[in-house]
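First the structure, in the form of structure tokens, and then the observations on it.
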Amino acid sequence: MTFGARLLERIGYRVVALALLPSIALCYALASFASGPWTLFAWLLPAGVFIGAVEQIVNLEADRVEHQLGRRIMNRSHAFWSFGFAGASMLGAWMSKLG
């Protein structure tokens with residue numbers, strides 16, 4: 001992901017986000033049909049790379065907004081992202097428990 005920022009900037013953050021967010025969901029959906037560990041790995045690997053790219057977009061956009069505002073907001077951005085993941089994991093655990 002070291003060189004990802006340049007690539008993401010070249011393609012465009014909006015295009016990347018609009019393409020990768022559904023792609024993450026598709027990779028997870030296809031991973032649920034995996035017949036073995038290697039197939040599962042083959043679908044989870046791109047999902048992880050795509051999530052990393054989306055995280056880079058969020059962080060770069062937060063940095064850009066911070067620069068424009070002249071004050072730091074990253075703590076709020078990080079909290080929003082963390083609460084989102086925490087909420088999704090709790091919902092997933094609850095749905096799993098329901099069967």
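Just remember, in the structure tokens the first chain shown is A, the second B, etc., residues are 1-based per chain, and ligands are 1-based in the order shown.
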
Stretch 52-96 of chain A near stretch 24-43 of chain A within 12 Å: what's each residue's closest atom pair and its distance in Å to one decimal, counting only C-alpha atoms, ordered by chain then ascending residue number, as a Markdown table?
```
| residue | atom | partner | partner_atom | distance |
| --- | --- | --- | --- | --- |
| A:Gly52 | CA | A:Ile24 | CA | 10.6 |
| A:Ala53 | CA | A:Ile24 | CA | 10.7 |
| A:Val54 | CA | A:Ile24 | CA | 9.8 |
```

- Task: Identify, on the basis of only C-alpha atoms, every residue whose closest approach to stretch 79-82 of chain A does not exceed 10 Å; exclude the query and any residue fewer than 5 positions from it along the same chain; express the result as a count of residues only.
- Result: 5

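When only C-alpha atoms are used to compute distances to A:Val49, the closest of the residues A:Ile11, A:Trp94, A:Ser23, A:Leu18 turns out to be A:Ser23.
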
- Hey, which of A:Leu21, A:Ala93, A:Leu98, A:Leu45 ends up closest to A:Ile57? Count only C-alpha atoms.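 Residue with the minimum atom-to-atom distance to A:Ile57: A:Leu21.
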
- Which one is closest to A:Ala5: A:Val65, A:Leu60, A:Met95, A:Ile73? Count only C-alpha atoms. A:Leu60

- Which is closer to A:Arg14 than all the others in A:Phe83, A:Met90, A:Gly70, A:Glu61, using only C-alpha atoms?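 So, comparing all the options, the nearest one is A:Glu61.
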